[in-house]
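Shown below: run_3.cif, with mmCIF, C-alpha atoms.
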```cif
data_run
#
loop_
_atom_site.label_atom_id
_atom_site.label_comp_id
_atom_site.auth_asym_id
_atom_site.auth_seq_id
_atom_site.Cartn_x
_atom_site.Cartn_y
_atom_site.Cartn_z
CA MET I 1 -1.40 -3.39 27.60
CA ILE I 2 -4.09 -0.78 26.87
CA SER I 3 -1.56 2.03 27.11
CA PHE I 4 0.67 0.29 24.57
CA ILE I 5 -2.29 -0.10 22.18
CA LEU I 6 -3.09 3.61 22.58
CA PHE I 7 0.60 4.36 22.07
CA ILE I 8 0.38 2.54 18.73
CA LEU I 9 -3.00 3.93 17.67
CA LYS I 10 -2.45 7.60 18.50
CA PRO I 11 0.10 8.33 15.72
CA ILE I 12 -1.93 6.34 13.20
CA ILE I 13 -5.09 8.29 14.03
CA CYS I 14 -3.36 11.66 13.63
CA ALA I 15 -1.11 10.64 10.71
CA SER I 16 -2.07 13.73 8.72
CA LYS I 17 -0.69 16.05 11.43
CA LEU I 18 2.93 17.00 12.05
CA ALA I 19 2.54 15.89 15.68
CA SER I 20 2.38 12.27 14.48
CA GLN I 21 6.03 12.26 13.41
CA PRO I 22 7.71 12.31 16.85
CA LEU I 23 5.17 9.75 18.04
CA ALA I 24 6.00 7.54 15.07
CA ASP I 25 9.73 7.88 15.78
CA SER I 26 9.15 6.88 19.41
CA LEU I 27 7.01 3.95 18.33
CA CYS I 28 9.66 2.83 15.86
CA GLN I 29 12.44 2.96 18.47
CA ALA I 30 10.33 1.10 21.02
CA ALA I 31 9.40 -1.55 18.48
CA ILE I 32 13.03 -2.05 17.42
CA ALA I 33 14.07 -2.29 21.09
CA ILE I 34 11.64 -5.14 21.78
CA GLY I 35 12.04 -6.79 18.35
CA ASP I 36 8.48 -6.04 17.25
CA ARG I 37 8.57 -6.00 13.46
CA TYR I 38 4.88 -5.17 13.14
CA GLY I 39 5.23 -2.17 15.44
CA GLU I 40 8.21 -0.96 13.44
CA CYS I 41 6.26 -1.28 10.19
CA PHE I 42 3.25 0.54 11.66
CA ALA I 43 5.54 3.40 12.69
CA LEU I 44 6.90 3.59 9.15
CA GLN I 45 3.31 3.58 7.91
CA VAL I 46 2.61 6.73 9.89
CA LYS I 47 5.60 8.38 8.22
CA PHE I 48 4.37 7.75 4.67
CA LEU I 49 0.74 8.49 5.59
CA TYR I 50 1.81 11.92 6.83
CA GLU I 51 3.37 12.59 3.42
CA TYR I 52 0.36 11.04 1.64
CA TYR I 53 -2.08 13.58 3.06
CA LYS I 54 -0.09 16.54 1.73
CA PRO I 55 -1.07 17.61 -1.79
CA ASN I 56 1.58 17.74 -4.53
CA ASN I 57 4.12 16.00 -2.33
CA PHE I 58 4.99 12.97 -4.43
CA ARG I 59 8.77 13.07 -3.96
CA HIS I 60 8.61 12.95 -0.15
CA PHE I 61 5.71 10.50 -0.18
CA ASP I 62 7.58 8.18 -2.54
CA GLN I 63 10.77 8.31 -0.44
CA SER I 64 8.98 7.40 2.79
CA LEU I 65 6.88 4.80 1.01
CA GLN I 66 9.96 3.17 -0.53
CA ALA I 67 11.60 2.91 2.91
CA TYR I 68 8.44 1.20 4.17
CA MET I 69 8.29 -1.15 1.17
CA ASP I 70 11.95 -2.14 1.55
CA LYS I 71 11.43 -2.86 5.25
CA VAL I 72 8.29 -4.98 4.82
CA LEU I 73 9.89 -6.94 1.98
CA SER I 74 12.96 -7.63 4.11
CA TYR I 75 10.62 -8.94 6.82
CA GLY I 76 8.58 -11.01 4.34
CA MET I 77 5.35 -9.12 5.03
CA ASP I 78 3.78 -9.43 1.62
CA ARG I 79 0.36 -8.06 2.56
CA PHE I 80 1.93 -4.94 4.04
CA TYR I 81 3.82 -4.54 0.78
CA PHE I 82 0.60 -4.63 -1.19
CA TYR I 83 -0.88 -2.05 1.16
CA ALA I 84 1.98 0.24 0.13
CA VAL I 85 1.38 -0.49 -3.56
CA SER I 86 -2.30 0.35 -3.14
CA MET I 87 -1.50 3.59 -1.29
CA LYS I 88 0.79 4.66 -4.12
CA THR I 89 -1.96 3.82 -6.60
CA PHE I 90 -4.46 5.81 -4.55
CA TYR I 91 -2.03 8.74 -4.52
CA TYR I 92 -1.77 8.63 -8.31
CA THR I 93 -5.56 8.43 -8.57
CA ARG I 94 -6.13 11.28 -6.13
CA GLU I 95 -3.72 13.49 -8.08
CA LYS I 96 -5.40 12.40 -11.35
CA ARG I 97 -2.16 10.85 -12.60
CA TYR I 98 -3.96 7.82 -13.98
CA LEU I 99 -1.43 6.81 -16.62
CA GLU I 100 1.38 6.72 -14.08
CA GLY I 101 -0.84 4.61 -11.84
CA PHE I 102 -1.54 2.15 -14.66
CA LEU I 103 2.16 1.90 -15.54
CA TYR I 104 3.08 1.36 -11.90
CA LEU I 105 0.49 -1.42 -11.57
CA GLN I 106 1.74 -3.07 -14.77
CA GLU I 107 5.28 -3.04 -13.40
CA GLN I 108 4.08 -4.56 -10.11
CA THR I 109 2.02 -7.16 -11.97
CA LYS I 110 5.09 -8.32 -13.92
CA ILE I 111 6.97 -8.74 -10.65
CA ALA I 112 4.05 -10.65 -9.06
CA GLU I 113 3.69 -12.92 -12.10
CA SER I 114 7.42 -13.67 -12.16
CA LYS I 115 7.13 -14.76 -8.50
CA ASN I 116 3.83 -16.57 -9.15
CA ASN I 117 2.27 -14.65 -6.27
CA HIS I 118 -1.46 -15.16 -6.72
CA TYR I 119 -2.47 -12.84 -3.90
CA ARG I 120 -0.54 -9.93 -5.39
CA ILE I 121 -1.79 -10.62 -8.92
CA CYS I 122 -5.38 -10.65 -7.67
CA MET I 123 -4.96 -7.42 -5.73
CA LEU I 124 -3.23 -5.69 -8.64
CA HIS I 125 -6.14 -6.55 -10.93
CA ARG I 126 -8.45 -5.09 -8.30
CA MET I 127 -6.39 -1.88 -8.10
CA THR I 128 -6.50 -1.54 -11.89
CA GLY I 129 -10.27 -1.69 -11.57
CA VAL I 130 -10.12 1.05 -8.93
CA ILE I 131 -8.29 3.37 -11.33
CA GLN I 132 -10.71 2.59 -14.13
CA HIS I 133 -13.65 3.20 -11.82
CA SER I 134 -12.15 6.55 -10.77
CA ARG I 135 -11.88 7.54 -14.41
CA GLY I 136 -15.51 6.57 -15.04
CA GLU I 137 -14.56 3.59 -17.21
CA LEU I 138 -16.96 1.09 -15.71
CA TRP I 139 -17.18 -0.84 -18.99
CA GLN I 140 -13.44 -1.61 -18.69
CA ASN I 141 -13.67 -2.12 -14.94
CA LYS I 142 -16.05 -5.06 -15.41
CA ASP I 143 -13.39 -6.78 -17.56
CA HIS I 144 -11.09 -7.09 -14.53
CA ALA I 145 -13.63 -8.82 -12.30
CA PRO I 146 -13.59 -12.34 -13.90
CA PRO I 147 -9.76 -12.72 -13.94
CA THR I 148 -9.56 -11.34 -10.41
CA MET I 149 -12.13 -13.85 -9.15
CA ALA I 150 -10.44 -16.73 -10.99
CA ILE I 151 -7.05 -15.86 -9.50
CA TYR I 152 -8.60 -15.44 -6.05
CA LYS I 153 -10.23 -18.89 -6.26
CA LEU I 154 -6.93 -20.42 -7.39
CA TYR I 155 -5.10 -18.65 -4.57
CA LYS I 156 -7.62 -19.86 -1.98
CA SER I 157 -7.54 -23.45 -3.26
CA ASN I 158 -3.70 -23.47 -3.16
CA GLU I 159 -3.74 -22.01 0.34
CA GLN I 160 -5.72 -24.93 1.83
#
```
Can you give me the file's structure in the form of C-alpha coordinates?
Amino acid sequence: MISFILFILKPIICASKLASQPLADSLCQAAIAIGDRYGECFALQVKFLYEYYKPNNFRHFDQSLQAYMDKVLSYGMDRFYFYAVSMKTFYYTREKRYLEGFLYLQEQTKIAESKNNHYRICMLHRMTGVIQHSRGELWQNKDHAPPTMAIYKLYKSNEQ
(Lines of atoms letter the chains of each structure in order from A and count residues from 1; the text may use other names and numbers.)
(Lines give C-alpha, C1' and ligand atoms only; values in the text may rest on other atoms or scores of the structure.)
Protein backbone atom coordinates (compact mmCIF):
# COMPACT_ATOMS: atom_id res chain seq x y z
CA MET A 1 0.00 0.00 0.00
CA ILE A 2 2.79 2.44 0.90
CA SER A 3 4.53 1.81 -2.41
CA PHE A 4 1.33 2.61 -4.29
CA ILE A 5 0.95 5.88 -2.34
CA LEU A 6 4.56 6.79 -3.18
CA PHE A 7 3.86 5.80 -6.78
CA ILE A 8 1.03 8.34 -6.81
CA LEU A 9 2.85 11.08 -4.88
CA LYS A 10 6.17 11.01 -6.72
CA PRO A 11 4.90 12.47 -10.04
CA ILE A 12 2.81 15.06 -8.21
CA ILE A 13 5.80 16.20 -6.15
CA CYS A 14 8.02 16.62 -9.22
CA ALA A 15 5.28 17.91 -11.55
CA SER A 16 7.44 20.80 -12.71
CA LYS A 17 10.10 18.42 -14.08
CA LEU A 18 10.05 16.53 -17.37
CA ALA A 19 10.67 13.29 -15.46
CA SER A 20 7.11 13.51 -14.08
CA GLN A 21 5.55 12.85 -17.48
CA PRO A 22 6.44 9.15 -17.89
CA LEU A 23 5.49 8.60 -14.24
CA ALA A 24 2.14 10.27 -14.87
CA ASP A 25 1.57 8.11 -17.95
CA SER A 26 2.34 4.97 -15.93
CA LEU A 27 0.03 6.13 -13.15
CA CYS A 28 -2.73 6.83 -15.64
CA GLN A 29 -2.44 3.39 -17.26
CA ALA A 30 -2.37 1.65 -13.87
CA ALA A 31 -5.39 3.61 -12.69
CA ILE A 32 -7.37 2.82 -15.85
CA ALA A 33 -6.44 -0.87 -15.52
CA ILE A 34 -7.87 -1.09 -11.99
CA GLY A 35 -10.78 1.29 -12.64
CA ASP A 36 -9.48 3.98 -10.30
CA ARG A 37 -10.98 7.23 -11.54
CA TYR A 38 -9.25 9.33 -8.88
CA GLY A 39 -5.85 7.93 -9.81
CA GLU A 40 -6.52 8.64 -13.47
CA CYS A 41 -7.50 12.23 -12.66
CA PHE A 42 -4.41 12.72 -10.48
CA ALA A 43 -2.24 11.53 -13.36
CA LEU A 44 -3.91 14.04 -15.67
CA GLN A 45 -3.30 16.68 -13.00
CA VAL A 46 0.42 16.04 -13.21
CA LYS A 47 0.26 16.58 -16.98
CA PHE A 48 -1.32 20.03 -16.73
CA LEU A 49 0.80 21.01 -13.71
CA TYR A 50 3.92 20.31 -15.75
CA GLU A 51 2.66 22.74 -18.40
CA TYR A 52 1.54 25.21 -15.71
CA TYR A 53 5.06 25.67 -14.35
CA LYS A 54 6.47 26.67 -17.74
CA PRO A 55 6.28 30.41 -18.44
CA ASN A 56 4.48 31.65 -21.57
CA ASN A 57 3.08 28.21 -22.28
CA PHE A 58 -0.64 28.91 -22.31
CA ARG A 59 -1.54 26.87 -25.40
CA HIS A 60 -0.08 23.62 -24.06
CA PHE A 61 -1.30 24.32 -20.54
CA ASP A 62 -4.83 24.97 -21.80
CA GLN A 63 -4.86 21.80 -23.92
CA SER A 64 -3.80 19.56 -21.04
CA LEU A 65 -6.11 21.39 -18.65
CA GLN A 66 -9.08 20.97 -20.99
CA ALA A 67 -8.44 17.21 -21.23
CA TYR A 68 -8.44 17.09 -17.41
CA MET A 69 -11.62 19.18 -17.16
CA ASP A 70 -13.45 17.01 -19.69
CA LYS A 71 -12.43 13.86 -17.82
CA VAL A 72 -13.47 15.08 -14.36
CA LEU A 73 -16.78 16.37 -15.71
CA SER A 74 -17.48 13.01 -17.35
CA TYR A 75 -16.81 11.37 -13.98
CA GLY A 76 -18.95 13.90 -12.09
CA MET A 77 -16.04 15.18 -9.98
CA ASP A 78 -17.19 18.75 -9.55
CA ARG A 79 -14.57 19.76 -6.99
CA PHE A 80 -11.77 18.55 -9.24
CA TYR A 81 -13.32 20.65 -12.00
CA PHE A 82 -13.18 23.74 -9.84
CA TYR A 83 -9.56 22.98 -9.02
CA ALA A 84 -8.88 23.18 -12.76
CA VAL A 85 -10.80 26.46 -13.04
CA SER A 86 -8.77 27.91 -10.18
CA MET A 87 -5.48 26.75 -11.73
CA LYS A 88 -6.40 28.46 -15.00
CA THR A 89 -7.26 31.60 -13.05
CA PHE A 90 -3.95 31.40 -11.20
CA TYR A 91 -2.17 31.04 -14.54
CA TYR A 92 -3.85 34.17 -15.86
CA THR A 93 -2.96 36.00 -12.65
CA ARG A 94 0.66 34.84 -12.69
CA GLU A 95 1.03 36.01 -16.28
CA LYS A 96 -0.69 39.31 -15.38
CA ARG A 97 -3.53 38.59 -17.81
CA TYR A 98 -6.14 39.84 -15.36
CA LEU A 99 -8.85 40.77 -17.85
CA GLU A 100 -8.78 37.31 -19.41
CA GLY A 101 -9.02 35.84 -15.93
CA PHE A 102 -12.05 37.99 -15.10
CA LEU A 103 -13.76 37.07 -18.38
CA TYR A 104 -13.06 33.39 -17.82
CA LEU A 105 -14.53 33.55 -14.31
CA GLN A 106 -17.61 35.37 -15.59
CA GLU A 107 -18.14 32.64 -18.18
CA GLN A 108 -17.76 29.95 -15.51
CA THR A 109 -20.11 31.83 -13.18
CA LYS A 110 -22.85 31.89 -15.84
CA ILE A 111 -22.48 28.13 -16.26
CA ALA A 112 -22.59 27.58 -12.48
CA GLU A 113 -25.65 29.81 -12.08
CA SER A 114 -27.48 28.04 -14.91
CA LYS A 115 -26.86 24.74 -13.09
CA ASN A 116 -27.67 26.31 -9.69
CA ASN A 117 -24.38 24.96 -8.36
CA HIS A 118 -23.84 26.86 -5.11
CA TYR A 119 -20.40 25.43 -4.44
CA ARG A 120 -19.08 26.58 -7.80
CA ILE A 121 -20.70 30.01 -7.51
CA CYS A 122 -19.12 30.50 -4.09
CA MET A 123 -15.69 29.42 -5.28
CA LEU A 124 -15.89 31.61 -8.39
CA HIS A 125 -16.66 34.65 -6.25
CA ARG A 126 -13.63 33.74 -4.14
CA MET A 127 -11.42 33.45 -7.24
CA THR A 128 -12.60 36.85 -8.45
CA GLY A 129 -11.43 38.19 -5.09
CA VAL A 130 -8.06 36.51 -5.64
CA ILE A 131 -7.58 38.35 -8.94
CA GLN A 132 -8.63 41.64 -7.40
CA HIS A 133 -6.27 41.08 -4.48
CA SER A 134 -3.42 40.33 -6.91
CA ARG A 135 -4.11 43.60 -8.68
CA GLY A 136 -4.07 45.50 -5.38
CA GLU A 137 -7.80 46.24 -5.52
CA LEU A 138 -8.62 45.38 -1.93
CA TRP A 139 -11.53 47.85 -1.88
CA GLN A 140 -13.23 45.76 -4.60
CA ASN A 141 -12.10 42.50 -3.06
CA LYS A 142 -14.10 43.23 0.11
CA ASP A 143 -17.25 43.51 -2.02
CA HIS A 144 -17.03 39.80 -2.91
CA ALA A 145 -16.85 38.56 0.67
CA PRO A 146 -20.53 39.07 1.71
CA PRO A 147 -22.06 37.34 -1.37
CA THR A 148 -19.52 34.53 -1.09
CA MET A 149 -20.39 33.95 2.58
CA ALA A 150 -24.13 34.10 1.87
CA ILE A 151 -23.84 31.53 -0.93
CA TYR A 152 -21.61 29.33 1.24
CA LYS A 153 -24.17 29.39 4.08
CA LEU A 154 -26.97 28.55 1.63
CA TYR A 155 -24.88 25.74 0.16
CA LYS A 156 -24.10 24.30 3.60
CA SER A 157 -27.74 24.50 4.73
CA ASN A 158 -28.91 22.73 1.53
CA GLU A 159 -26.23 20.08 1.97
CA GLN A 160 -27.55 18.94 5.39
task: Check what the PyMOL selection byres ((chain I and resi 94) around 12) selects in the file above and give those residues as a VMD selection string.
output: chain I and resid 52 to 58 86 to 93 95 to 98 100 to 101 130 to 131 134 to 135
- request: Figure out the distance between atom CA of I:Leu49 and atom CA of I:Ala67, please, to one decimal in Å.
  value: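 Pair atom CA of I:Ala67 / atom CA of I:Leu49 returns 12.5 Å.
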message: Quick check, in Å to one decimal: how far apart do atom CA of I:Cys41 and atom CA of I:Ala112 lie?
response: 21.5 Å
Non-local contacts of stretch 73-84 of chain I (10 Å; only C-alpha atoms; under 2 positions in same chain excluded) as a CSV table (one decimal) with C-alpha atoms, keeping the file's coordinate frame:
```csv
chain,number,residue,atom,x,y,z
I,37,ARG,CA,8.6,-6.0,13.5
I,38,TYR,CA,4.9,-5.2,13.1
I,41,CYS,CA,6.3,-1.3,10.2
I,42,PHE,CA,3.2,0.5,11.7
I,45,GLN,CA,3.3,3.6,7.9
I,48,PHE,CA,4.4,7.8,4.7
I,49,LEU,CA,0.7,8.5,5.6
I,65,LEU,CA,6.9,4.8,1.0
I,66,GLN,CA,10.0,3.2,-0.5
I,68,TYR,CA,8.4,1.2,4.2
I,69,MET,CA,8.3,-1.2,1.2
I,70,ASP,CA,12.0,-2.1,1.6
I,71,LYS,CA,11.4,-2.9,5.2
I,86,SER,CA,-2.3,0.4,-3.1
I,87,MET,CA,-1.5,3.6,-1.3
I,88,LYS,CA,0.8,4.7,-4.1
I,89,THR,CA,-2.0,3.8,-6.6
I,90,PHE,CA,-4.5,5.8,-4.6
I,108,GLN,CA,4.1,-4.6,-10.1
I,117,ASN,CA,2.3,-14.6,-6.3
I,119,TYR,CA,-2.5,-12.8,-3.9
I,120,ARG,CA,-0.5,-9.9,-5.4
I,123,MET,CA,-5.0,-7.4,-5.7
I,124,LEU,CA,-3.2,-5.7,-8.6
```
message: To test your reading of the syntax: which residues would the PyMOL selection byres ((chain I and resi 40) around 10) return for the file shown? Reply as a ChimeraX atom specification.
response: /I:24-39,41-45,68,71-72
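What separates atom CA of I:Gln21 from atom CA of I:Ser64 is a distance of 12.0 Å.
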Padded axis-aligned box of stretch 98-116 of chain I (4 Å per side), centre and edge lengths, Å, one decimal, as JSON:
```
{"center_x": 1.7, "center_y": -4.4, "center_z": -12.6, "size_x": 19.4, "size_y": 32.4, "size_z": 16.1}
```
field: Residue with smallest distance to I:Phe61 - pool I:Met127, I:Val46, I:Ala150, I:Leu99, counting all atoms listed in the file
entry: I:Val46
